[in-house]
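I have placed the structure first, in the form of structure tokens, so that the comments after it can refer back to it.
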Amino acid sequence: SYDGYLLVASEEPVVLDVSLQTLDGLPLATTSLKFSGGNWTKVDFSLTPSAGTTCEGIDFITAQALGVGCPLNNTYDPKADMSDRTAHICVRCGGQFVLTLKRGASARIAYASLQPGSWGRFAGLPVHVEAVEALRSLGVRA
């Protein structure tokens, strides 16, 4: 499963659907969140997808056609200006995180967070376990 939260505000009650979908819009997991309205409020959710998706490397021309910022020829120049260092490589993933207003006139979303459940986090913290493993492999210790 994946855990997440939204920071939501609205002037009236709303219902928001939070979902994981394929790029074609096929649902993998959906949950409805009822918010009674009011000032900024953290609303937690959990999603358990019925299937997974994969990510793949894509070339520069394909990335340009999709509107994805990507370095020419999938290269990375650490000496370039920050605005030129858009990615180490170009990757396109087969899933998307989607928010849909199902009921109510409008809602404001200040922040949306989605992260692996406990299986993918380090010591229950909001830190991806693979990031910790990568740092440890470089000799970083707490």
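Ordering of the structure tokens sets the chain letters (A, B, ...); residue numbers start at 1 within each chain; ligands are numbered from 1 in the order shown.
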
Mind checking DSSP for chain A and telling me the alpha helix (DSSP H) residues as a list in words?
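These are the residues in question: Phe60, Ile61, Thr62, Ala63, Gln64, Ala65, Leu66, Val129, Glu130, Ala131, Val132, Glu133, Ala134, Leu135, Arg136 and Ser137 of chain A.
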
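Taking only C-alpha atoms, the non-local environment of Phe97 in chain A within 10 Å (same-chain residues fewer than 5 positions away omitted) comprises Val18, Ser19, Leu20, Gln21, Thr22, Leu23, Ala29, Thr30, Ala112, Ser113 and Leu114 of chain A.
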
Go ahead and save the residues from that selection, with C-alpha atoms, as a PDB file, in the first residue's frame.
ATOM      1  CA  VAL A  18      -7.573  10.165  -4.779  1.00  0.00           C
ATOM      2  CA  SER A  19      -6.388   7.499  -7.183  1.00  0.00           C
ATOM      3  CA  LEU A  20      -3.488   5.717  -8.788  1.00  0.00           C
ATOM      4  CA  GLN A  21      -4.059   5.088 -12.492  1.00  0.00           C
ATOM      5  CA  THR A  22      -2.256   3.854 -15.563  1.00  0.00           C
ATOM      6  CA  LEU A  23      -1.305   6.542 -18.073  1.00  0.00           C
ATOM      7  CA  ALA A  29      -6.577   2.134  -6.612  1.00  0.00           C
ATOM      8  CA  THR A  30      -9.098   4.774  -5.561  1.00  0.00           C
ATOM      9  CA  ALA A 112      -0.181  16.447  -1.907  1.00  0.00           C
ATOM     10  CA  SER A 113       2.097  13.720  -0.553  1.00  0.00           C
ATOM     11  CA  LEU A 114       2.279  10.106  -1.696  1.00  0.00           C
TER      12      LEU A 114
END

Which of chain A fall in strand (DSSP E or B), as a VMD selection string:
chain A and resid 2 to 10 14 to 22 27 to 35 38 to 47 55 to 57 91 to 93 95 to 103 108 to 116 121 128

Measuring between only C-alpha atoms, which one of A:Ala63, A:Leu135, A:Leu7, A:Leu125 shows the shortest distance to Phe35 in chain A?
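Checking each candidate against Phe35 in chain A, we get A:Leu7 as the closest.
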
Identify which of the residues A:Lys42, A:Arg92, A:Arg121, A:Lys102 lies closest to Ser1 in chain A, counting only C-alpha atoms when measuring atom-to-atom distances.
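Of the candidates, the smallest distance to Ser1 in chain A is held by A:Arg121.
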
Who sits within 8 Å of Thr53 in chain A, only C-alpha atoms, same chain under 3 positions skipped, as a PyMOL selection string
chain A and resi 22+93-95
